[in-house]
Amino acid sequence: NDAAKGEKYGKLYNWYAVNDQRGLAPSDFHIASDKEWTILSDYLGGYDVAGKTMKSIDGWYDGGNSTNASGFTGLPGGFRDYYGLFENRGKNGYWWSSSEYFIPYAWYHYLNYYKGFLNRNYNFKEIGLSVRCLRD
């Protein structure tokens, strides 16, 4: 709800927007699936080490423990919780996958400011997370 923060970190979307048939991603792009996130993680050495290479050099609390060697330039945009509150901006970056986990949940991946790994988890589809588009 703050345009300046949106300019820096991007917008946050619920999972329904990610999978809306009208298409959140631009033409010739799609939102990364859970499988595609795993492929990226494996390519970068696995979940235990991929995060450090995916985080932008700037913008992270306490320096962020990052190299951005992968060029992913992940920013810590935080999330909008189930109740509409914004949390963890500057400390964590969260990205939806296009993959459903179970009816009320979907998979997402996240980076943390002090850890060097990429995390995988699921949450309610109503919360707001960032997205990453891939070229088709």
# chains A, B, ... in the order shown; residues from 1 in each chain; ligands from 1
>>> select_by_dssp(residues="region 9-91 of chain A", states="strand (DSSP E or B)", output="list in words")
Tyr13, Phe29, His30, Ile31, Lys55, Gly74, Gly78, Phe79, Arg80, Phe86 and Glu87 of chain A
>>> write_last_selection(atoms="N, CA, C and O atoms", output="JSON list (two decimals), in the first residue's frame")
[["chain", "number", "residue", "atom", "x", "y", "z"],
["A", 13, "TYR", "N", 1.31, -10.32, -4.48],
["A", 13, "TYR", "CA", 0.10, -10.88, -5.08],
["A", 13, "TYR", "C", -0.35, -12.09, -4.28],
["A", 13, "TYR", "O", 0.47, -12.84, -3.75],
["A", 29, "PHE", "N", 5.73, -15.15, -21.13],
["A", 29, "PHE", "CA", 6.30, -15.45, -19.82],
["A", 29, "PHE", "C", 5.27, -16.24, -19.01],
["A", 29, "PHE", "O", 4.09, -16.27, -19.34],
["A", 30, "HIS", "N", 5.74, -16.87, -17.95],
["A", 30, "HIS", "CA", 4.85, -17.55, -17.01],
["A", 30, "HIS", "C", 5.44, -17.46, -15.61],
["A", 30, "HIS", "O", 6.62, -17.16, -15.45],
["A", 31, "ILE", "N", 4.61, -17.71, -14.59],
["A", 31, "ILE", "CA", 5.08, -17.75, -13.21],
["A", 31, "ILE", "C", 5.74, -19.10, -12.98],
["A", 31, "ILE", "O", 5.21, -20.14, -13.37],
["A", 55, "LYS", "N", 20.41, -13.75, -3.60],
["A", 55, "LYS", "CA", 20.04, -12.48, -2.95],
["A", 55, "LYS", "C", 20.80, -11.31, -3.56],
["A", 55, "LYS", "O", 21.99, -11.40, -3.82],
["A", 74, "GLY", "N", 17.41, -11.29, -5.89],
["A", 74, "GLY", "CA", 16.25, -11.38, -5.01],
["A", 74, "GLY", "C", 16.26, -10.29, -3.95],
["A", 74, "GLY", "O", 17.25, -10.09, -3.27],
["A", 78, "GLY", "N", 9.31, -8.98, 1.78],
["A", 78, "GLY", "CA", 8.40, -9.40, 2.85],
["A", 78, "GLY", "C", 7.14, -10.03, 2.30],
["A", 78, "GLY", "O", 7.11, -10.52, 1.17],
["A", 79, "PHE", "N", 6.07, -9.99, 3.10],
["A", 79, "PHE", "CA", 4.79, -10.56, 2.67],
["A", 79, "PHE", "C", 3.64, -9.81, 3.32],
["A", 79, "PHE", "O", 3.84, -9.06, 4.27],
["A", 80, "ARG", "N", 2.46, -10.00, 2.77],
["A", 80, "ARG", "CA", 1.24, -9.47, 3.38],
["A", 80, "ARG", "C", 0.51, -10.67, 3.95],
["A", 80, "ARG", "O", 0.17, -11.61, 3.22],
["A", 86, "PHE", "N", 1.63, -6.15, 6.76],
["A", 86, "PHE", "CA", 2.87, -6.36, 6.02],
["A", 86, "PHE", "C", 3.97, -6.76, 7.00],
["A", 86, "PHE", "O", 4.14, -6.11, 8.03],
["A", 87, "GLU", "N", 4.72, -7.81, 6.67],
["A", 87, "GLU", "CA", 5.70, -8.38, 7.58],
["A", 87, "GLU", "C", 7.03, -8.65, 6.87],
["A", 87, "GLU", "O", 7.05, -8.94, 5.68]]
>>> residues_around(residues="Leu75 (chain A)", least_positions_apart="4", cutoff="8 Å", atoms="only C-alpha atoms", output="ChimeraX atom specification")
/A:9,55-56,59-60,90,92-93
>>> residues_around(residues="Leu44 (chain A)", least_positions_apart="6", cutoff="8 Å", atoms="only C-alpha atoms", output="list in words")
Ala50, Thr53 and Ser70 of chain A
>>> residues_around(residues="Ser97 (chain A)", least_positions_apart="6", cutoff="7 Å", atoms="only C-alpha atoms", output="list in words")
Ile31, Ala32, Ser33, Asp34, Trp107 and Tyr108 of chain A
>>> write_last_selection(atoms="all heavy atoms", output="PDB file, in the first residue's frame")
ATOM      1  N   ILE A  31       4.612 -17.715 -14.595  1.00  0.00           N
ATOM      2  CA  ILE A  31       5.076 -17.752 -13.211  1.00  0.00           C
ATOM      3  C   ILE A  31       5.742 -19.100 -12.983  1.00  0.00           C
ATOM      4  O   ILE A  31       5.214 -20.139 -13.370  1.00  0.00           O
ATOM      5  CB  ILE A  31       3.905 -17.570 -12.207  1.00  0.00           C
ATOM      6  CG1 ILE A  31       3.095 -16.308 -12.529  1.00  0.00           C
ATOM      7  CG2 ILE A  31       4.410 -17.564 -10.775  1.00  0.00           C
ATOM      8  CD1 ILE A  31       3.867 -15.025 -12.455  1.00  0.00           C
ATOM      9  N   ALA A  32       6.907 -19.079 -12.346  1.00  0.00           N
ATOM     10  CA  ALA A  32       7.672 -20.311 -12.124  1.00  0.00           C
ATOM     11  C   ALA A  32       6.883 -21.324 -11.295  1.00  0.00           C
ATOM     12  O   ALA A  32       6.262 -20.975 -10.291  1.00  0.00           O
ATOM     13  CB  ALA A  32       8.991 -19.981 -11.421  1.00  0.00           C
ATOM     14  N   SER A  33       6.928 -22.570 -11.704  1.00  0.00           N
ATOM     15  CA  SER A  33       6.307 -23.666 -10.949  1.00  0.00           C
ATOM     16  C   SER A  33       7.241 -24.103  -9.827  1.00  0.00           C
ATOM     17  O   SER A  33       8.427 -23.737  -9.792  1.00  0.00           O
ATOM     18  CB  SER A  33       6.037 -24.854 -11.881  1.00  0.00           C
ATOM     19  OG  SER A  33       7.265 -25.448 -12.278  1.00  0.00           O
ATOM     20  N   ASP A  34       6.720 -24.913  -8.930  1.00  0.00           N
ATOM     21  CA  ASP A  34       7.550 -25.464  -7.851  1.00  0.00           C
ATOM     22  C   ASP A  34       8.695 -26.287  -8.440  1.00  0.00           C
ATOM     23  O   ASP A  34       9.834 -26.198  -7.983  1.00  0.00           O
ATOM     24  CB  ASP A  34       6.675 -26.325  -6.935  1.00  0.00           C
ATOM     25  CG  ASP A  34       7.433 -26.827  -5.727  1.00  0.00           C
ATOM     26  OD1 ASP A  34       8.004 -25.998  -4.980  1.00  0.00           O
ATOM     27  OD2 ASP A  34       7.471 -28.061  -5.524  1.00  0.00           O
ATOM     28  N   TRP A 107       2.593 -23.728  -2.951  1.00  0.00           N
ATOM     29  CA  TRP A 107       4.030 -23.708  -2.677  1.00  0.00           C
ATOM     30  C   TRP A 107       4.618 -22.322  -2.918  1.00  0.00           C
ATOM     31  O   TRP A 107       4.218 -21.626  -3.849  1.00  0.00           O
ATOM     32  CB  TRP A 107       4.764 -24.700  -3.579  1.00  0.00           C
ATOM     33  CG  TRP A 107       4.518 -26.133  -3.245  1.00  0.00           C
ATOM     34  CD1 TRP A 107       3.797 -27.030  -3.973  1.00  0.00           C
ATOM     35  CD2 TRP A 107       4.996 -26.843  -2.102  1.00  0.00           C
ATOM     36  NE1 TRP A 107       3.790 -28.249  -3.356  1.00  0.00           N
ATOM     37  CE2 TRP A 107       4.524 -28.160  -2.199  1.00  0.00           C
ATOM     38  CE3 TRP A 107       5.773 -26.490  -1.004  1.00  0.00           C
ATOM     39  CZ2 TRP A 107       4.798 -29.131  -1.243  1.00  0.00           C
ATOM     40  CZ3 TRP A 107       6.048 -27.456  -0.050  1.00  0.00           C
ATOM     41  CH2 TRP A 107       5.559 -28.754  -0.178  1.00  0.00           C
ATOM     42  N   TYR A 108       5.576 -21.971  -2.096  1.00  0.00           N
ATOM     43  CA  TYR A 108       6.370 -20.764  -2.319  1.00  0.00           C
ATOM     44  C   TYR A 108       7.804 -21.045  -1.911  1.00  0.00           C
ATOM     45  O   TYR A 108       8.101 -22.052  -1.270  1.00  0.00           O
ATOM     46  CB  TYR A 108       5.804 -19.555  -1.541  1.00  0.00           C
ATOM     47  CG  TYR A 108       5.981 -19.638  -0.043  1.00  0.00           C
ATOM     48  CD1 TYR A 108       7.082 -19.051   0.568  1.00  0.00           C
ATOM     49  CD2 TYR A 108       5.046 -20.268   0.762  1.00  0.00           C
ATOM     50  CE1 TYR A 108       7.255 -19.119   1.948  1.00  0.00           C
ATOM     51  CE2 TYR A 108       5.205 -20.339   2.132  1.00  0.00           C
ATOM     52  CZ  TYR A 108       6.310 -19.757   2.720  1.00  0.00           C
ATOM     53  OH  TYR A 108       6.471 -19.824   4.085  1.00  0.00           O
TER      54      TYR A 108
END
>>> select_by_dssp(residues="region 1-119 of chain A", states="alpha helix (DSSP H)", output="list in words")
Ala3, Ala4, Lys5, Gly6, Glu7, Lys8, Tyr9, Trp15, Tyr16, Ala17, Val18, Asp34, Lys35, Glu36, Trp37, Thr38, Ile39, Leu40, Ser41, Asp42, Tyr43, Tyr47, Asp48, Val49, Ala50, Gly51, Lys52, Thr53 and Met54 of chain A
>>> residues_around(residues="Tyr101 (chain A)", least_positions_apart="3", cutoff="9 Å", atoms="only C-alpha atoms", output="list of chain:residue names")
A:Pro104, A:Tyr105, A:Ala106, A:Trp107, A:Tyr122, A:Asn123
>>> residues_around(residues="Leu24 (chain A)", least_positions_apart="5", cutoff="12 Å", atoms="only C-alpha atoms", output="PyMOL selection string")
chain A and resi 11-19+29-32+98+130-134
>>> write_last_selection(atoms="all heavy atoms", output="short mmCIF file (atom, residue, chain, number, x, y, z; two decimals), in the first residue's frame")
data_model
loop_
_atom_site.label_atom_id
_atom_site.label_comp_id
_atom_site.auth_asym_id
_atom_site.auth_seq_id
_atom_site.Cartn_x
_atom_site.Cartn_y
_atom_site.Cartn_z
N LYS A 11 5.54 -5.61 -6.37
CA LYS A 11 4.20 -5.78 -5.82
C LYS A 11 4.08 -7.17 -5.18
O LYS A 11 4.83 -8.08 -5.49
CB LYS A 11 3.17 -5.65 -6.93
CG LYS A 11 3.32 -4.38 -7.75
CD LYS A 11 2.30 -3.38 -7.35
CE LYS A 11 2.32 -2.18 -8.27
NZ LYS A 11 3.13 -1.10 -7.82
N LEU A 12 3.08 -7.29 -4.31
CA LEU A 12 2.76 -8.57 -3.67
C LEU A 12 1.41 -9.03 -4.19
O LEU A 12 0.49 -8.24 -4.32
CB LEU A 12 2.72 -8.42 -2.15
CG LEU A 12 3.99 -7.90 -1.49
CD1 LEU A 12 3.78 -7.74 0.01
CD2 LEU A 12 5.18 -8.81 -1.78
N TYR A 13 1.31 -10.32 -4.48
CA TYR A 13 0.10 -10.88 -5.08
C TYR A 13 -0.35 -12.09 -4.28
O TYR A 13 0.47 -12.84 -3.75
CB TYR A 13 0.39 -11.37 -6.51
CG TYR A 13 0.90 -10.29 -7.41
CD1 TYR A 13 2.27 -10.04 -7.54
CD2 TYR A 13 0.02 -9.50 -8.14
CE1 TYR A 13 2.74 -9.03 -8.37
CE2 TYR A 13 0.48 -8.49 -8.98
CZ TYR A 13 1.85 -8.27 -9.08
OH TYR A 13 2.31 -7.28 -9.90
N ASN A 14 -1.68 -12.32 -4.24
CA ASN A 14 -2.15 -13.58 -3.67
C ASN A 14 -2.04 -14.65 -4.76
O ASN A 14 -1.83 -14.35 -5.93
CB ASN A 14 -3.54 -13.46 -3.07
CG ASN A 14 -4.63 -13.17 -4.09
OD1 ASN A 14 -4.59 -13.64 -5.23
ND2 ASN A 14 -5.61 -12.38 -3.69
N TRP A 15 -2.17 -15.90 -4.36
CA TRP A 15 -1.96 -17.00 -5.30
C TRP A 15 -3.04 -17.04 -6.38
O TRP A 15 -2.81 -17.49 -7.49
CB TRP A 15 -1.90 -18.33 -4.55
CG TRP A 15 -1.45 -19.47 -5.39
CD1 TRP A 15 -0.17 -19.80 -5.75
CD2 TRP A 15 -2.29 -20.46 -6.02
NE1 TRP A 15 -0.17 -20.91 -6.54
CE2 TRP A 15 -1.46 -21.34 -6.71
CE3 TRP A 15 -3.66 -20.67 -6.03
CZ2 TRP A 15 -1.94 -22.43 -7.41
CZ3 TRP A 15 -4.16 -21.76 -6.74
CH2 TRP A 15 -3.30 -22.62 -7.43
N TYR A 16 -4.22 -16.52 -6.05
CA TYR A 16 -5.30 -16.51 -7.04
C TYR A 16 -4.94 -15.59 -8.21
O TYR A 16 -5.26 -15.90 -9.36
CB TYR A 16 -6.62 -16.10 -6.38
CG TYR A 16 -7.02 -17.06 -5.30
CD1 TYR A 16 -6.90 -16.71 -3.95
CD2 TYR A 16 -7.46 -18.34 -5.60
CE1 TYR A 16 -7.24 -17.61 -2.94
CE2 TYR A 16 -7.81 -19.25 -4.61
CZ TYR A 16 -7.69 -18.88 -3.28
OH TYR A 16 -8.01 -19.77 -2.29
N ALA A 17 -4.27 -14.49 -7.94
CA ALA A 17 -3.81 -13.61 -9.02
C ALA A 17 -2.73 -14.31 -9.85
O ALA A 17 -2.68 -14.16 -11.07
CB ALA A 17 -3.26 -12.30 -8.45
N VAL A 18 -1.88 -15.08 -9.19
CA VAL A 18 -0.82 -15.82 -9.88
C VAL A 18 -1.42 -16.79 -10.89
O VAL A 18 -0.89 -16.97 -11.99
CB VAL A 18 0.06 -16.59 -8.86
CG1 VAL A 18 0.98 -17.58 -9.54
CG2 VAL A 18 0.84 -15.62 -7.99
N ASN A 19 -2.53 -17.41 -10.55
CA ASN A 19 -3.12 -18.44 -11.41
C ASN A 19 -4.40 -18.00 -12.11
O ASN A 19 -5.12 -18.83 -12.64
CB ASN A 19 -3.36 -19.70 -10.58
CG ASN A 19 -2.07 -20.45 -10.42
OD1 ASN A 19 -1.61 -21.08 -11.35
ND2 ASN A 19 -1.47 -20.35 -9.26
N PHE A 29 5.73 -15.15 -21.13
CA PHE A 29 6.30 -15.45 -19.82
C PHE A 29 5.27 -16.24 -19.01
O PHE A 29 4.09 -16.27 -19.34
CB PHE A 29 6.63 -14.16 -19.04
CG PHE A 29 7.85 -13.45 -19.52
CD1 PHE A 29 7.79 -12.63 -20.64
CD2 PHE A 29 9.06 -13.58 -18.86
CE1 PHE A 29 8.91 -11.96 -21.10
CE2 PHE A 29 10.19 -12.92 -19.30
CZ PHE A 29 10.11 -12.10 -20.42
N HIS A 30 5.74 -16.87 -17.95
CA HIS A 30 4.85 -17.55 -17.01
C HIS A 30 5.44 -17.46 -15.61
O HIS A 30 6.62 -17.16 -15.45
CB HIS A 30 4.64 -19.02 -17.43
CG HIS A 30 5.87 -19.86 -17.32
ND1 HIS A 30 6.84 -19.88 -18.31
CD2 HIS A 30 6.31 -20.69 -16.34
CE1 HIS A 30 7.82 -20.71 -17.94
NE2 HIS A 30 7.52 -21.21 -16.75
N ILE A 31 4.61 -17.71 -14.59
CA ILE A 31 5.08 -17.75 -13.21
C ILE A 31 5.74 -19.10 -12.98
O ILE A 31 5.21 -20.14 -13.37
CB ILE A 31 3.91 -17.57 -12.21
CG1 ILE A 31 3.10 -16.31 -12.53
CG2 ILE A 31 4.41 -17.56 -10.77
CD1 ILE A 31 3.87 -15.02 -12.46
N ALA A 32 6.91 -19.08 -12.35
CA ALA A 32 7.67 -20.31 -12.12
C ALA A 32 6.88 -21.32 -11.29
O ALA A 32 6.26 -20.97 -10.29
CB ALA A 32 8.99 -19.98 -11.42
N SER A 98 3.65 -21.38 -9.14
CA SER A 98 2.32 -21.57 -9.73
C SER A 98 1.70 -22.89 -9.29
O SER A 98 0.59 -23.22 -9.70
CB SER A 98 2.41 -21.52 -11.25
OG SER A 98 3.25 -22.56 -11.71
N SER A 130 5.66 -12.03 -3.47
CA SER A 130 6.21 -11.61 -4.76
C SER A 130 6.07 -12.74 -5.76
O SER A 130 5.75 -13.88 -5.39
CB SER A 130 7.70 -11.27 -4.61
OG SER A 130 7.90 -10.22 -3.70
N VAL A 131 6.31 -12.45 -7.02
CA VAL A 131 6.34 -13.49 -8.07
C VAL A 131 7.58 -13.27 -8.92
O VAL A 131 8.15 -12.18 -8.96
CB VAL A 131 5.09 -13.48 -8.98
CG1 VAL A 131 3.84 -13.80 -8.18
CG2 VAL A 131 4.95 -12.18 -9.71
N ARG A 132 8.01 -14.31 -9.60
CA ARG A 132 9.10 -14.23 -10.55
C ARG A 132 8.62 -14.86 -11.85
O ARG A 132 8.14 -16.00 -11.85
CB ARG A 132 10.32 -14.96 -10.01
CG ARG A 132 11.60 -14.79 -10.80
CD ARG A 132 12.04 -13.36 -11.08
NE ARG A 132 12.47 -12.62 -9.93
CZ ARG A 132 13.71 -12.28 -9.66
NH1 ARG A 132 14.68 -12.59 -10.49
NH2 ARG A 132 13.99 -11.59 -8.59
N CYS A 133 8.73 -14.14 -12.92
CA CYS A 133 8.29 -14.63 -14.23
C CYS A 133 9.47 -15.25 -14.98
O CYS A 133 10.60 -14.78 -14.87
CB CYS A 133 7.72 -13.49 -15.05
SG CYS A 133 6.28 -12.72 -14.32
N LEU A 134 9.17 -16.29 -15.75
CA LEU A 134 10.15 -16.95 -16.60
C LEU A 134 9.71 -16.82 -18.06
O LEU A 134 8.52 -16.92 -18.36
CB LEU A 134 10.26 -18.44 -16.28
CG LEU A 134 10.83 -18.83 -14.93
CD1 LEU A 134 10.80 -20.34 -14.78
CD2 LEU A 134 12.23 -18.32 -14.78
#
>>> closest_residue(among="A:Ser27, A:Arg120, A:Ile127, A:Gly10", to="Leu85 (chain A)", atoms="only C-alpha atoms")
A:Ile127
>>> closest_residue(among="A:Lys35, A:Lys125, A:Lys115, A:Lys52", to="Asn68 (chain A)", atoms="only C-alpha atoms")
A:Lys52
>>> closest_residue(among="A:Gly64, A:Phe124, A:Trp37, A:Gly71", to="Lys91 (chain A)", atoms="only C-alpha atoms")
A:Gly64
>>> closest_residue(among="A:Tyr94, A:Gly128, A:Asp136, A:Tyr110", to="Ser41 (chain A)", atoms="only C-alpha atoms")
A:Tyr110
